[in-house]
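Participant: Here's a structure for you.
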Amino acid sequence: MAQEKMQFKTEVNKLLELMIHSLYSHKEIFLRELISNGSDAIDKLRFEAIKNDALTEGDANYKIKLTADKEAGTLTISDNGIGMTKDEAVNSLGTIAHSGTKEFMKLLESKEVKDNPELIGQFGVGFYSAFMVADKVTVTSRKAGEDKSVGIKWESNADGSFTIEQCEKETKGTDVVLYMKEEDKNYLDEWEIKEVVKKYSDYISYPVVMDTTKKVEDKDVTEEETLNSMKAIWLKDKSDVTQEEYNEFYKHITHDFGDPLKTIHYRAEGTTEFNVLVYLPKKAPMNILYPEYKSGPALYVRRVQIMENCEDLVPVWLRFVKGIVDSSDLPLNVSRELLQKNKMMDIIRKNITKKVLETIKDMKQNEYETYVGFFEEFGRVIKEGIHFDFARKEEIADLLLVQSTSTESGKYTTLADYVSRMKTEQNEIYYITGKNRKELENSPYLEALKEKDYEVLFMTDEIDDIIISSLMKYKDKNFKSILKGDINLQTEEEKKESKENFGKLTDKIKDILGDKVSEVRLSARLKNSPCVLVSGDGDIDMQMEMMLKAMGQ
Ligand code: ADP
Ligand code: MG
């Protein structure tokens with residue numbers, strides 16, 4: 001295969017430009033990113049090797065090796081993981097493939113980052129961060145299980161293009177060679193490398209090693225030294241982990257760009273034993289409402305990753321919960337089908353649901369402002385639980401935040417607070433559905449309720465209709481749409497009187513309109529408008545049902 005020259009995708013060039021020209025501090029994170037890729041590659045190989053032992057090629061001594069060559073001015077990061085084929089290399093090292101790309105590009109172009117490019121350093125910037133410290137990068141790789149002759153060599157100077165060619169590679173896995181910039185040669189110093197590994201990559205569960213030379217009885221002795229403690233962070237004692245370490249780990253596993261909102265870490269013991277380290281993110285991913293969203297934390301069995309996203313670990317309405325669950329009891333070669341039938345999975349899911357709910361409730365109780373931000377991001381997803389999780393629907397209803405005629409614009413009430421403000425003679429929880437608060441505030445349907453000083457909830461999420469018909473009641477009070485059917489604002493006396501006065505008129509109108517309406521009724525809810533159109537009480541929103549089905553739920 002001859003050498004081929006290819007162009008980077010536009011977004012890669014943008015990212016590279018920012019990294020090379022604007023980012024002066026936090027350069028050291030390049031090492032975190034490259035070690036993290038080596039660790040991911042070993043995770044993948046270990047998983048594949050469960051089914052096909054030959055892939056280990058007799059070398060299951062997994063590690064990531066760092067080699068600094070001061071003379072050549074290079075730093076090499078090698079792993080003996082899964083490796084890449086030519087196509088994989090072209091796709092992975094020429095585009096930005098992962099899920100947050102769009103958000104990431106938006107962020108790159110945001111004023112915040114333009115003014116303060118250091119910000120980008122706290123995000124998971126991936127492979128391309130190599131170009132912050134190197135003016136040339138060479139990647140040689142061979143896929144585990146392939147012939148030695150089909151290795152690949154990828155190379156770029158970050159000038160908009162890269163080359164790729166076939167080459168021999170004896171060992172499986174990947175070597176990333178960085179040709180360090182003059183001003184970044186400090187990263188070739190042993191102590192500097194040790195510092196950076198300790199700071200950012202201590203939790204990596206494979207040894208990160210380097211050959212170091214010590215004087216023993218006046219002779220130089222070179223030994224392979226392990227630089228990280230390797231203790232899987234989720235197996236550690238809570239008291240031995242700092243929030244900073246939790247945050248680093250979160251970014252490592254989720255590829256999220258910012259810190260998590262909440263960290264939940266515990267060990268469950270009982271019928272089955274498992275360790276849980278899960279996080280609530282700050283921001284909802286853009287595709288969380290679409291079928292391609294990959295739901296759920298990673299599943300590990302005794303420290304081996306079995307699935308990167310295991311949707312059976314959390315209910316669909318908590319699908320934004322990310323992290324790691326490590327079970328001591330599941331079999332290693334468990335398949336997705338077997339998992340779904342496994343009783344242990346039910347126990348684990350229920351347990352995680354309970355813990356996550358406790359955290360959310362606690363936030364609502366004690367950090368209301370934070371909770372509002374959280375609900376604005378994830379409330380739409382959590383609400384689905386009212387429809388799909390019958391046993392928990394009341395508990396979830398307690399979490400809802402809704403605007404109403406009694407809240408300022410942009411402020412919320414809970415259902416419990418609404419009920420506590422209900423008038424003594426008021427029997428139902430009134431709500432109105434529509435696009436947004438502004439539109440609803442001007443609705444003629446509100447007139448009579450306003451006059452009586454009844455509070456009305458503004459339900460502005462498209463799935464609110466479904467949610468309310470699933471919920472039906474809250475604290476024994478029925479929900480009542482002020483758009484549907486009749487509203488009982490008059491006493492029996494008053495009703496009789498208006499029927500006598502206006503009965504003939506409504507009969508006449510029905511005659512004229514005929515089949516166009518099913519009924520013409522007197523209403524006490526209008527004050528300034530002469531009439532409104534309403535749907536029948538029992539009409540459920542077919543469109544809504546179809547929408548949920550289309551979402552694959
Ligand atoms: P991310 O790790 O978030 O996917 P990166 O930019 O760090 O993004 O890496 C891009 C992709 O390149 C990886 O998803 C992986 O497919 C591939 N890759 C990078 N480094 C390695 C490696 N050492 N071994 C195998 N594949 C790798
Ligand atoms: Mg990476």
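Ordered as shown in the structure tokens, chains take letters A, B, and onward, while each chain numbers its residues from 1 and ligands are numbered from 1 in the order shown.
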Which residues are near ligand 2 - at most 7 Å, using only C-alpha atoms and all ligand atoms? Format: as number ranges by chain.

Facilitator: A: 33-34, 36-37, 126-127

Participant: Enumerate as a VMD selection string the residues within 8 Å of ligand 1, counting only C-alpha atoms and all ligand atoms.

Facilitator: chain A and resid 33 to 42 78 to 79 81 to 84 88 to 89 91 to 93 96 to 98 124 to 128 141 173 to 176 255

Participant: Mind checking which residues fall within 12 Å of Leu399 in chain A, counting only C-alpha atoms, ignoring those fewer than 6 positions away in the same chain, and posting them as a ChimeraX atom specification?

Facilitator: /A:357-365,368,371-372,374-376,378-383,385-386,392-393,412-417

Participant: Quick one: residues within 9 Å of Lys185 in chain A, only C-alpha atoms, excluding same-chain residues fewer than 4 positions away - as a PyMOL selection string?

Facilitator: chain A and resi 70+73-74+133+180-181+189

Participant: Counting only C-alpha atoms, which residue out of A:Arg349, A:Lys219, A:Lys354, A:Pro281 sits closest to Phe320 in chain A?

Facilitator: A:Pro281

Participant: Which residue out of A:Gly258, A:Met472, A:Asp43, A:Thr95 has the minimum interatomic distance to Thr10 in chain A when only C-alpha atoms are used?

Facilitator: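 Ranked by minimum distance to Thr10 in chain A, first place goes to A:Thr95.
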
Participant: What residues in range 291-341 of chain A get the DSSP label helix (DSSP H, G or I)? Please answer as a PyMOL selection string.

Facilitator: chain A and resi 311-313+316-318+336-341

Participant: Please provide the set of residues having any atom within 12 Å of Thr226 in chain A, restricted to only C-alpha atoms, with same-chain residues fewer than 5 positions apart removed, written as a PyMOL selection string.

Facilitator: chain A and resi 63-66+193-194+197-198+201-202+204-212

Participant: Tyr246 in chain A: which residues within 12 Å, counting only C-alpha atoms, same-chain residues fewer than 6 positions away excluded, as an mmCIF file with N, CA and C atoms, in the first residue's frame?

Facilitator:
data_model
loop_
_atom_site.group_PDB
_atom_site.id
_atom_site.type_symbol
_atom_site.label_atom_id
_atom_site.label_comp_id
_atom_site.auth_asym_id
_atom_site.auth_seq_id
_atom_site.Cartn_x
_atom_site.Cartn_y
_atom_site.Cartn_z
ATOM 1 N N TYR A 200 -3.021 13.234 36.981
ATOM 2 C CA TYR A 200 -4.202 13.024 36.131
ATOM 3 C C TYR A 200 -4.562 11.569 35.849
ATOM 4 N N SER A 201 -3.641 10.659 36.031
ATOM 5 C CA SER A 201 -3.904 9.301 35.542
ATOM 6 C C SER A 201 -3.725 8.233 36.604
ATOM 7 N N ASP A 202 -3.747 8.654 37.856
ATOM 8 C CA ASP A 202 -3.486 7.697 38.918
ATOM 9 C C ASP A 202 -4.517 6.562 38.951
ATOM 10 N N TYR A 203 -5.777 6.886 38.616
ATOM 11 C CA TYR A 203 -6.875 5.905 38.702
ATOM 12 C C TYR A 203 -6.884 4.899 37.562
ATOM 13 N N ALA A 232 -8.624 0.948 41.196
ATOM 14 C CA ALA A 232 -9.837 1.374 40.526
ATOM 15 C C ALA A 232 -10.593 2.287 41.473
ATOM 16 N N ILE A 233 -10.857 3.489 41.015
ATOM 17 C CA ILE A 233 -11.414 4.514 41.896
ATOM 18 C C ILE A 233 -12.746 4.069 42.505
ATOM 19 N N TRP A 234 -13.526 3.311 41.750
ATOM 20 C CA TRP A 234 -14.842 2.908 42.263
ATOM 21 C C TRP A 234 -14.752 1.832 43.336
ATOM 22 N N LYS A 236 -12.346 2.036 45.657
ATOM 23 C CA LYS A 236 -11.719 2.667 46.805
ATOM 24 C C LYS A 236 -12.754 3.060 47.860
ATOM 25 N N LYS A 238 -14.628 5.739 49.974
ATOM 26 C CA LYS A 238 -15.022 7.106 49.695
ATOM 27 C C LYS A 238 -14.060 8.127 50.297
ATOM 28 N N SER A 239 -13.622 7.842 51.512
ATOM 29 C CA SER A 239 -12.782 8.808 52.222
ATOM 30 C C SER A 239 -11.389 8.927 51.609
ATOM 31 N N ASP A 240 -11.042 7.998 50.706
ATOM 32 C CA ASP A 240 -9.727 8.049 50.080
ATOM 33 C C ASP A 240 -9.747 8.720 48.704
ATOM 34 N N HIS A 252 -13.056 11.163 32.197
ATOM 35 C CA HIS A 252 -12.410 10.034 31.515
ATOM 36 C C HIS A 252 -13.458 9.080 30.947
ATOM 37 N N ILE A 253 -14.473 8.754 31.736
ATOM 38 C CA ILE A 253 -15.418 7.740 31.250
ATOM 39 C C ILE A 253 -16.542 8.307 30.387
ATOM 40 N N ASP A 259 -17.319 19.362 34.697
ATOM 41 C CA ASP A 259 -17.430 18.538 35.895
ATOM 42 C C ASP A 259 -18.854 18.025 36.067
ATOM 43 N N PRO A 260 -19.029 16.932 36.791
ATOM 44 C CA PRO A 260 -20.386 16.446 37.058
ATOM 45 C C PRO A 260 -21.096 17.340 38.083
ATOM 46 N N LEU A 261 -22.417 17.223 38.146
ATOM 47 C CA LEU A 261 -23.178 17.973 39.139
ATOM 48 C C LEU A 261 -23.137 17.262 40.489
ATOM 49 N N LYS A 262 -23.345 15.947 40.469
ATOM 50 C CA LYS A 262 -23.365 15.157 41.712
ATOM 51 C C LYS A 262 -22.632 13.839 41.507
ATOM 52 N N THR A 263 -21.961 13.420 42.558
ATOM 53 C CA THR A 263 -21.248 12.149 42.534
ATOM 54 C C THR A 263 -21.887 11.215 43.561
ATOM 55 N N ILE A 264 -22.206 10.015 43.130
ATOM 56 C CA ILE A 264 -22.828 9.040 44.038
ATOM 57 C C ILE A 264 -21.949 7.796 44.065
ATOM 58 N N HIS A 265 -21.372 7.505 45.205
ATOM 59 C CA HIS A 265 -20.405 6.416 45.296
ATOM 60 C C HIS A 265 -20.721 5.565 46.516
ATOM 61 N N LEU A 277 -20.353 3.732 41.219
ATOM 62 C CA LEU A 277 -19.868 5.114 41.171
ATOM 63 C C LEU A 277 -20.577 5.761 39.995
ATOM 64 N N VAL A 278 -21.649 6.498 40.318
ATOM 65 C CA VAL A 278 -22.397 7.128 39.225
ATOM 66 C C VAL A 278 -22.495 8.630 39.452
ATOM 67 N N TYR A 279 -22.788 9.328 38.378
ATOM 68 C CA TYR A 279 -22.790 10.786 38.403
ATOM 69 C C TYR A 279 -24.072 11.340 37.792
ATOM 70 N N GLY A 323 -21.663 6.510 34.694
ATOM 71 C CA GLY A 323 -20.678 6.061 35.659
ATOM 72 C C GLY A 323 -20.347 4.603 35.465
ATOM 73 N N ILE A 324 -20.076 3.948 36.597
ATOM 74 C CA ILE A 324 -19.639 2.554 36.541
ATOM 75 C C ILE A 324 -20.328 1.745 37.624
#

Participant: Between A:Asp256, A:Glu395, A:Glu28, A:Glu384, which residue has the minimum interatomic distance to Val196 in chain A, considering only C-alpha atoms?

Facilitator: A:Glu28

Participant: Write out as number ranges by chain all residues of range 94-333 of chain A that backbone DSSP assigns to strand (DSSP E).

Facilitator: A: 134-142, 151-156, 161-167, 173-180, 208-216, 219-226, 262-268, 274-280, 298-301, 304-307, 322-327

Participant: Go ahead and dump the residues you just picked, C-alpha atoms, as a PDB file, in the first residue's frame.

Facilitator:
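result_1.pdb, written as the output of this step:
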ATOM      1  CA  ALA A 134       4.267  18.234  19.489  1.00  0.00           C
ATOM      2  CA  ASP A 135       4.714  19.642  16.010  1.00  0.00           C
ATOM      3  CA  LYS A 136       4.639  16.175  14.515  1.00  0.00           C
ATOM      4  CA  VAL A 137       2.811  13.051  15.681  1.00  0.00           C
ATOM      5  CA  THR A 138       3.307   9.527  14.350  1.00  0.00           C
ATOM      6  CA  VAL A 139       0.924   6.735  15.266  1.00  0.00           C
ATOM      7  CA  THR A 140       1.802   3.146  14.471  1.00  0.00           C
ATOM      8  CA  SER A 141      -0.805   0.554  15.255  1.00  0.00           C
ATOM      9  CA  ARG A 142      -1.842  -3.007  14.575  1.00  0.00           C
ATOM     10  CA  GLY A 151       0.142  -2.525  10.713  1.00  0.00           C
ATOM     11  CA  ILE A 152      -0.500   1.104   9.853  1.00  0.00           C
ATOM     12  CA  LYS A 153       1.499   4.277  10.166  1.00  0.00           C
ATOM     13  CA  TRP A 154      -0.371   7.564  10.508  1.00  0.00           C
ATOM     14  CA  GLU A 155       1.463  10.863  10.567  1.00  0.00           C
ATOM     15  CA  SER A 156       0.644  14.551  10.699  1.00  0.00           C
ATOM     16  CA  SER A 161      -3.672  16.891   6.442  1.00  0.00           C
ATOM     17  CA  PHE A 162      -2.261  13.552   7.515  1.00  0.00           C
ATOM     18  CA  THR A 163      -0.640  10.610   5.727  1.00  0.00           C
ATOM     19  CA  ILE A 164      -1.341   6.939   6.194  1.00  0.00           C
ATOM     20  CA  GLU A 165       0.503   3.849   4.981  1.00  0.00           C
ATOM     21  CA  GLN A 166       0.842   0.170   5.713  1.00  0.00           C
ATOM     22  CA  CYS A 167       3.765  -1.064   7.807  1.00  0.00           C
ATOM     23  CA  GLY A 173      -1.622  -2.220  20.004  1.00  0.00           C
ATOM     24  CA  THR A 174      -0.620   1.356  19.374  1.00  0.00           C
ATOM     25  CA  ASP A 175       2.471   3.551  19.677  1.00  0.00           C
ATOM     26  CA  VAL A 176       1.956   7.294  19.633  1.00  0.00           C
ATOM     27  CA  VAL A 177       5.217   9.164  19.023  1.00  0.00           C
ATOM     28  CA  LEU A 178       5.285  12.871  19.824  1.00  0.00           C
ATOM     29  CA  TYR A 179       8.023  15.020  18.311  1.00  0.00           C
ATOM     30  CA  MET A 180       8.097  17.606  21.057  1.00  0.00           C
ATOM     31  CA  VAL A 208       1.509   3.177  33.386  1.00  0.00           C
ATOM     32  CA  VAL A 209       5.201   2.355  33.287  1.00  0.00           C
ATOM     33  CA  MET A 210       8.499   3.997  32.394  1.00  0.00           C
ATOM     34  CA  ASP A 211      12.080   2.775  32.412  1.00  0.00           C
ATOM     35  CA  THR A 212      13.930   4.634  35.132  1.00  0.00           C
ATOM     36  CA  THR A 213      17.560   4.471  36.053  1.00  0.00           C
ATOM     37  CA  LYS A 214      18.804   4.321  39.607  1.00  0.00           C
ATOM     38  CA  LYS A 215      22.277   4.125  41.024  1.00  0.00           C
ATOM     39  CA  VAL A 216      22.770   0.892  42.926  1.00  0.00           C
ATOM     40  CA  LYS A 219      26.177   1.258  38.963  1.00  0.00           C
ATOM     41  CA  ASP A 220      23.294   2.462  36.829  1.00  0.00           C
ATOM     42  CA  VAL A 221      20.405   0.024  37.034  1.00  0.00           C
ATOM     43  CA  THR A 222      17.438   0.465  34.727  1.00  0.00           C
ATOM     44  CA  GLU A 223      14.082  -0.799  35.849  1.00  0.00           C
ATOM     45  CA  GLU A 224      10.528  -0.556  34.671  1.00  0.00           C
ATOM     46  CA  GLU A 225       8.743   1.576  37.248  1.00  0.00           C
ATOM     47  CA  THR A 226       4.971   1.806  37.669  1.00  0.00           C
ATOM     48  CA  LYS A 262     -23.365  15.157  41.712  1.00  0.00           C
ATOM     49  CA  THR A 263     -21.248  12.149  42.534  1.00  0.00           C
ATOM     50  CA  ILE A 264     -22.828   9.040  44.038  1.00  0.00           C
ATOM     51  CA  HIS A 265     -20.405   6.416  45.296  1.00  0.00           C
ATOM     52  CA  TYR A 266     -21.211   3.408  47.461  1.00  0.00           C
ATOM     53  CA  ARG A 267     -20.837  -0.305  47.887  1.00  0.00           C
ATOM     54  CA  ALA A 268     -23.903  -2.513  48.184  1.00  0.00           C
ATOM     55  CA  PHE A 274     -21.640  -4.509  43.717  1.00  0.00           C
ATOM     56  CA  ASN A 275     -19.832  -1.186  43.679  1.00  0.00           C
ATOM     57  CA  VAL A 276     -21.490   1.868  42.256  1.00  0.00           C
ATOM     58  CA  LEU A 277     -19.868   5.114  41.171  1.00  0.00           C
ATOM     59  CA  VAL A 278     -22.397   7.128  39.225  1.00  0.00           C
ATOM     60  CA  TYR A 279     -22.790  10.786  38.403  1.00  0.00           C
ATOM     61  CA  LEU A 280     -25.516  13.257  37.585  1.00  0.00           C
ATOM     62  CA  ALA A 298     -20.870   1.109  32.178  1.00  0.00           C
ATOM     63  CA  LEU A 299     -21.137  -2.429  33.501  1.00  0.00           C
ATOM     64  CA  TYR A 300     -18.026  -4.098  34.909  1.00  0.00           C
ATOM     65  CA  VAL A 301     -17.701  -7.573  36.301  1.00  0.00           C
ATOM     66  CA  VAL A 304     -13.452  -6.044  33.512  1.00  0.00           C
ATOM     67  CA  GLN A 305     -15.613  -3.788  31.391  1.00  0.00           C
ATOM     68  CA  ILE A 306     -18.488  -5.798  29.900  1.00  0.00           C
ATOM     69  CA  MET A 307     -20.515  -2.984  28.387  1.00  0.00           C
ATOM     70  CA  LYS A 322     -23.511   7.869  33.943  1.00  0.00           C
ATOM     71  CA  GLY A 323     -20.678   6.061  35.659  1.00  0.00           C
ATOM     72  CA  ILE A 324     -19.639   2.554  36.541  1.00  0.00           C
ATOM     73  CA  VAL A 325     -21.285  -0.396  38.215  1.00  0.00           C
ATOM     74  CA  ASP A 326     -18.983  -3.276  39.076  1.00  0.00           C
ATOM     75  CA  SER A 327     -20.632  -6.539  40.065  1.00  0.00           C
TER      76      SER A 327
END

Participant: When distances are computed from only C-alpha atoms, which of A:Leu526, A:Ala68, A:Met286, A:Met345 shows the smallest separation from Cys310 in chain A?

Facilitator: A:Met345

Participant: Near Ile468 in chain A, within 9 Å and counting only C-alpha atoms, which residues show up once chain neighbours fewer than 5 positions away are dropped, as a PDB file with N, CA and C atoms, in the first residue's frame?

Facilitator:
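Final output, result_1.pdb:
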ATOM      1  N   ILE A 386     -43.298   9.090  35.132  1.00  0.00           N
ATOM      2  CA  ILE A 386     -44.685   9.094  35.578  1.00  0.00           C
ATOM      3  C   ILE A 386     -45.514   8.212  34.654  1.00  0.00           C
ATOM      4  N   HIS A 387     -45.149   8.210  33.390  1.00  0.00           N
ATOM      5  CA  HIS A 387     -45.864   7.396  32.404  1.00  0.00           C
ATOM      6  C   HIS A 387     -45.402   5.937  32.407  1.00  0.00           C
ATOM      7  N   ILE A 463     -44.991  16.698  26.375  1.00  0.00           N
ATOM      8  CA  ILE A 463     -45.536  15.436  26.892  1.00  0.00           C
ATOM      9  C   ILE A 463     -46.413  15.626  28.138  1.00  0.00           C
ATOM     10  N   LYS A 473     -54.250  11.972  39.478  1.00  0.00           N
ATOM     11  CA  LYS A 473     -54.476  12.702  40.726  1.00  0.00           C
ATOM     12  C   LYS A 473     -53.155  13.065  41.359  1.00  0.00           C
ATOM     13  N   PHE A 479     -56.651  16.282  38.446  1.00  0.00           N
ATOM     14  CA  PHE A 479     -56.204  17.344  37.554  1.00  0.00           C
ATOM     15  C   PHE A 479     -57.342  17.727  36.623  1.00  0.00           C
TER      16      PHE A 479
END

Participant: Separation of CA of Glu146 in chain A and CA of Ala54 in chain A, in Å?

Facilitator: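 Interatomic distance here is 10.5 Å.
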
Participant: Which residue is closest to Leu401 in chain A? Choose from A:Glu493, A:Glu190, A:Glu377, A:Glu245 and count only C-alpha atoms.

Facilitator: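 That would be A:Glu377, the residue with the smallest distance to Leu401 in chain A.
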
Participant: Quote the spacing between CA of Gln403 in chain A and CA of Val419 in chain A in Å to one decimal place.

Facilitator: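 Going from CA of Gln403 in chain A over to CA of Val419 in chain A, I get 13.8 Å.
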
Participant: Pick out the closest residue to Ser470 in chain A from this set: A:Tyr430, A:Phe388, A:Tyr454, A:Phe502. Count only C-alpha atoms.

Facilitator: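 Between A:Tyr430, A:Phe388, A:Tyr454, A:Phe502, the residue approaching Ser470 in chain A most closely is A:Phe388.
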